[in-house]
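Read the structure below first, then the notes.
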Amino acid sequence: FFSSRRRHTRYGTVTGVQTCALPISVPALLAALLPLAARAAPKPYSRPSLNPAGIETAFIASQGDYFAYAAGFGYENGRSGPWILDGSAGVGIGVGSSTRSLAVQLGYNLTSLSTDQLSGGVDLKLARDLIRNDTMRLALAVGVLDLYTHGPAATPLSTPFAVTTLAVPVRITGARRTLQFNLGIGGNRFQIPQSIAWYDQGEFASVGLEVADNVGLSLGWSGRGLNTTMNVVPLRGVPLAIGASAINLTNHQGRGRAAVLFLTWGGTFQTASF
């Protein structure tokens, strides 16, 4: 005996060839295609840095964050002497959480690559987020640069500092971007001891803007001069950034200018994401 129930298939003959059409579930088809579309979509860029060279930020590494960099730089040797070329490199990691309790960042920097003996220093930074939501991020950090140093080219004095960083989202040509500010005070690196001007006594500040998904521009006062940096992330899905900085643009106090070209791997935690 044959069942009288209708089968859920339809058969037909087209040019002598039997065809069979099965019912299609639209939700099931979308569920199958969406993962393929997600894989085909381009990966996002890592966030570019919005901090000028020589200026600290309160957005530091937390648990699982890291960075490594290599830099080549040149600086003026006096008012009319030739420029001196050198290089530096460094690494850093973070532990803790700036949102739950306290983030701690530990870094090591090779101060100079041109000397026979390695010279470097260890930096220690601690930070806490005060406000963090979809419309604002505000953090406070304290730290000591060159807490421990070694080698002939190392900075002889440590540099304590405190800094607050504010980031807000802005709209640029319809796209949501990040605008970021740093304001802080510190010793040694941020001071010109022989100057009596108030702005040479350790105050530093900067502003940075994410002008494109992978480009950041920043400008700031380092306590010793006006610095500017452009940071570009060249590849999607890769935390590699290329930066170029001009140091002491106005040759403040005749201390000489400098130019820096650097590569950074990681470090995207320094820019707020909205």
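If you're wondering about the labels, chains in the structure tokens are A, B, ... by order shown, residues count from 1 in each chain, ligands from 1 in order shown.
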
Asn251 in chain A: which residues within 10 Å, counting only C-alpha atoms, same-chain residues fewer than 6 positions away excluded, as JSON, numbers by chain? {"A": [76, 79, 224, 225, 226, 257, 258]}

Dump N, CA, C and O atoms for the selected residues as a PDB file, in the first residue's frame?
```pdb
ATOM      1  N   GLU A  76      69.351  68.125  17.153  1.00  0.00           N
ATOM      2  CA  GLU A  76      70.330  69.166  16.881  1.00  0.00           C
ATOM      3  C   GLU A  76      71.432  69.171  17.932  1.00  0.00           C
ATOM      4  O   GLU A  76      71.167  69.059  19.130  1.00  0.00           O
ATOM      5  N   ARG A  79      73.207  75.061  18.473  1.00  0.00           N
ATOM      6  CA  ARG A  79      72.454  75.926  17.571  1.00  0.00           C
ATOM      7  C   ARG A  79      72.838  75.746  16.112  1.00  0.00           C
ATOM      8  O   ARG A  79      72.018  75.908  15.218  1.00  0.00           O
ATOM      9  N   ARG A 224      58.967  71.148  27.953  1.00  0.00           N
ATOM     10  CA  ARG A 224      60.244  71.613  27.402  1.00  0.00           C
ATOM     11  C   ARG A 224      60.110  72.112  25.966  1.00  0.00           C
ATOM     12  O   ARG A 224      61.078  72.592  25.392  1.00  0.00           O
ATOM     13  N   GLY A 225      58.930  71.954  25.389  1.00  0.00           N
ATOM     14  CA  GLY A 225      58.748  72.390  24.013  1.00  0.00           C
ATOM     15  C   GLY A 225      57.445  71.863  23.449  1.00  0.00           C
ATOM     16  O   GLY A 225      56.733  71.068  24.081  1.00  0.00           O
ATOM     17  N   LEU A 226      57.129  72.311  22.237  1.00  0.00           N
ATOM     18  CA  LEU A 226      55.904  71.928  21.545  1.00  0.00           C
ATOM     19  C   LEU A 226      56.193  70.725  20.660  1.00  0.00           C
ATOM     20  O   LEU A 226      57.049  70.789  19.769  1.00  0.00           O
ATOM     21  N   ARG A 257      65.948  71.162  18.259  1.00  0.00           N
ATOM     22  CA  ARG A 257      64.808  70.374  17.783  1.00  0.00           C
ATOM     23  C   ARG A 257      65.223  68.927  17.562  1.00  0.00           C
ATOM     24  O   ARG A 257      66.413  68.612  17.498  1.00  0.00           O
ATOM     25  N   ALA A 258      64.215  68.068  17.401  1.00  0.00           N
ATOM     26  CA  ALA A 258      64.472  66.654  17.144  1.00  0.00           C
ATOM     27  C   ALA A 258      63.364  66.094  16.273  1.00  0.00           C
ATOM     28  O   ALA A 258      62.249  66.626  16.230  1.00  0.00           O
TER      29      ALA A 258
END
```

Could you give me, as a list in words, the residues within 8 Å of Thr229 in chain A, counting only C-alpha atoms and dropping anything in the same chain fewer than 5 positions from it? Asn51, Pro52, Ala53, Leu217, Ser218, Leu219, Gly243, Ala244, Ser245 and Ala246 of chain A

Keeping all heavy atoms, export the residues of the selection given above as a PDB file, in the first residue's frame.
```pdb
ATOM      1  N   ASN A  51      48.521  60.418  21.253  1.00  0.00           N
ATOM      2  CA  ASN A  51      49.398  61.065  22.226  1.00  0.00           C
ATOM      3  C   ASN A  51      50.696  61.502  21.559  1.00  0.00           C
ATOM      4  O   ASN A  51      51.370  60.682  20.926  1.00  0.00           O
ATOM      5  CB  ASN A  51      49.711  60.110  23.373  1.00  0.00           C
ATOM      6  CG  ASN A  51      48.462  59.621  24.069  1.00  0.00           C
ATOM      7  OD1 ASN A  51      47.660  60.411  24.545  1.00  0.00           O
ATOM      8  ND2 ASN A  51      48.282  58.308  24.099  1.00  0.00           N
ATOM      9  N   PRO A  52      51.088  62.757  21.688  1.00  0.00           N
ATOM     10  CA  PRO A  52      52.361  63.194  21.111  1.00  0.00           C
ATOM     11  C   PRO A  52      53.539  62.545  21.834  1.00  0.00           C
ATOM     12  O   PRO A  52      53.442  62.167  23.006  1.00  0.00           O
ATOM     13  CB  PRO A  52      52.358  64.708  21.327  1.00  0.00           C
ATOM     14  CG  PRO A  52      50.981  65.062  21.747  1.00  0.00           C
ATOM     15  CD  PRO A  52      50.391  63.856  22.369  1.00  0.00           C
ATOM     16  N   ALA A  53      54.641  62.432  21.145  1.00  0.00           N
ATOM     17  CA  ALA A  53      55.860  61.909  21.767  1.00  0.00           C
ATOM     18  C   ALA A  53      56.254  62.785  22.945  1.00  0.00           C
ATOM     19  O   ALA A  53      56.142  64.007  22.902  1.00  0.00           O
ATOM     20  CB  ALA A  53      56.987  61.872  20.739  1.00  0.00           C
ATOM     21  N   LEU A 217      46.297  62.287  14.844  1.00  0.00           N
ATOM     22  CA  LEU A 217      47.152  63.476  14.891  1.00  0.00           C
ATOM     23  C   LEU A 217      47.108  64.047  16.307  1.00  0.00           C
ATOM     24  O   LEU A 217      46.044  64.073  16.938  1.00  0.00           O
ATOM     25  CB  LEU A 217      46.687  64.534  13.893  1.00  0.00           C
ATOM     26  CG  LEU A 217      46.740  64.173  12.407  1.00  0.00           C
ATOM     27  CD1 LEU A 217      46.166  65.313  11.571  1.00  0.00           C
ATOM     28  CD2 LEU A 217      48.153  63.861  11.970  1.00  0.00           C
ATOM     29  N   SER A 218      48.244  64.496  16.804  1.00  0.00           N
ATOM     30  CA  SER A 218      48.286  65.038  18.166  1.00  0.00           C
ATOM     31  C   SER A 218      49.301  66.162  18.262  1.00  0.00           C
ATOM     32  O   SER A 218      50.279  66.214  17.514  1.00  0.00           O
ATOM     33  CB  SER A 218      48.614  63.930  19.174  1.00  0.00           C
ATOM     34  OG  SER A 218      49.813  63.259  18.824  1.00  0.00           O
ATOM     35  N   LEU A 219      49.037  67.049  19.213  1.00  0.00           N
ATOM     36  CA  LEU A 219      49.891  68.211  19.448  1.00  0.00           C
ATOM     37  C   LEU A 219      49.889  68.497  20.942  1.00  0.00           C
ATOM     38  O   LEU A 219      48.835  68.433  21.590  1.00  0.00           O
ATOM     39  CB  LEU A 219      49.360  69.422  18.683  1.00  0.00           C
ATOM     40  CG  LEU A 219      50.093  70.752  18.863  1.00  0.00           C
ATOM     41  CD1 LEU A 219      51.466  70.700  18.187  1.00  0.00           C
ATOM     42  CD2 LEU A 219      49.257  71.900  18.289  1.00  0.00           C
ATOM     43  N   GLY A 243      54.805  55.842  13.240  1.00  0.00           N
ATOM     44  CA  GLY A 243      54.649  57.200  13.730  1.00  0.00           C
ATOM     45  C   GLY A 243      55.806  58.099  13.346  1.00  0.00           C
ATOM     46  O   GLY A 243      56.928  57.636  13.145  1.00  0.00           O
ATOM     47  N   ALA A 244      55.505  59.381  13.230  1.00  0.00           N
ATOM     48  CA  ALA A 244      56.530  60.397  12.973  1.00  0.00           C
ATOM     49  C   ALA A 244      56.267  61.571  13.904  1.00  0.00           C
ATOM     50  O   ALA A 244      55.126  62.034  14.015  1.00  0.00           O
ATOM     51  CB  ALA A 244      56.501  60.848  11.517  1.00  0.00           C
ATOM     52  N   SER A 245      57.311  62.029  14.583  1.00  0.00           N
ATOM     53  CA  SER A 245      57.163  63.109  15.555  1.00  0.00           C
ATOM     54  C   SER A 245      58.168  64.214  15.303  1.00  0.00           C
ATOM     55  O   SER A 245      59.315  63.947  14.892  1.00  0.00           O
ATOM     56  CB  SER A 245      57.358  62.588  16.989  1.00  0.00           C
ATOM     57  OG  SER A 245      56.405  61.605  17.319  1.00  0.00           O
ATOM     58  N   ALA A 246      57.731  65.440  15.551  1.00  0.00           N
ATOM     59  CA  ALA A 246      58.625  66.599  15.562  1.00  0.00           C
ATOM     60  C   ALA A 246      58.656  67.115  16.996  1.00  0.00           C
ATOM     61  O   ALA A 246      57.609  67.380  17.594  1.00  0.00           O
ATOM     62  CB  ALA A 246      58.124  67.678  14.617  1.00  0.00           C
TER      63      ALA A 246
END
```

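Between Gly72 in chain A and the candidates A:Gly96, A:Gly151, A:Gly87, A:Pro234, the tightest atom-to-atom separation, counting only C-alpha atoms, involves A:Gly87.
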
As an exercise, work out the distance from CA of Asn248 in chain A to CA of Ile93 in chain A in Å and give it to one decimal place. 28.9 Å

Let me make sure I understand: among A:Ala167, A:Met136, A:Leu261, A:Ala153, which one has the smallest atom-to-atom distance to Asp116 in chain A if we use only C-alpha atoms?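 Once distances to Asp116 in chain A are computed over only C-alpha atoms, the minimum belongs to A:Ala153.
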
Give the answer as one residue: which of A:Ile84, A:Leu50, A:Val91, A:Ala212 has the shortest atom-to-atom distance to Phe67 in chain A, using only C-alpha atoms?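 Closest to Phe67 in chain A of all the choices is A:Val91.
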
Residues at most 6 Å from Val122 in chain A, counting only C-alpha atoms, excluding those fewer than 2 positions away in the same chain, as a ChimeraX atom specification? /A:107-108,146-148

Give me the residues of range 132-184 of chain A that have any atom at most 12 Å from an atom of range 40-49 of chain A; for each, the nearest atom pair and the distance in Å, rounded to one decimal. Use only C-alpha atoms, sort by chain and number, and format it as a Markdown table.
```
| residue | atom | partner | partner_atom | distance |
| --- | --- | --- | --- | --- |
| A:Arg177 | CA | A:Arg47 | CA | 10.3 |
| A:Thr178 | CA | A:Arg47 | CA | 9.7 |
| A:Leu179 | CA | A:Ser49 | CA | 11.1 |
| A:Gln180 | CA | A:Ser49 | CA | 9.9 |
```
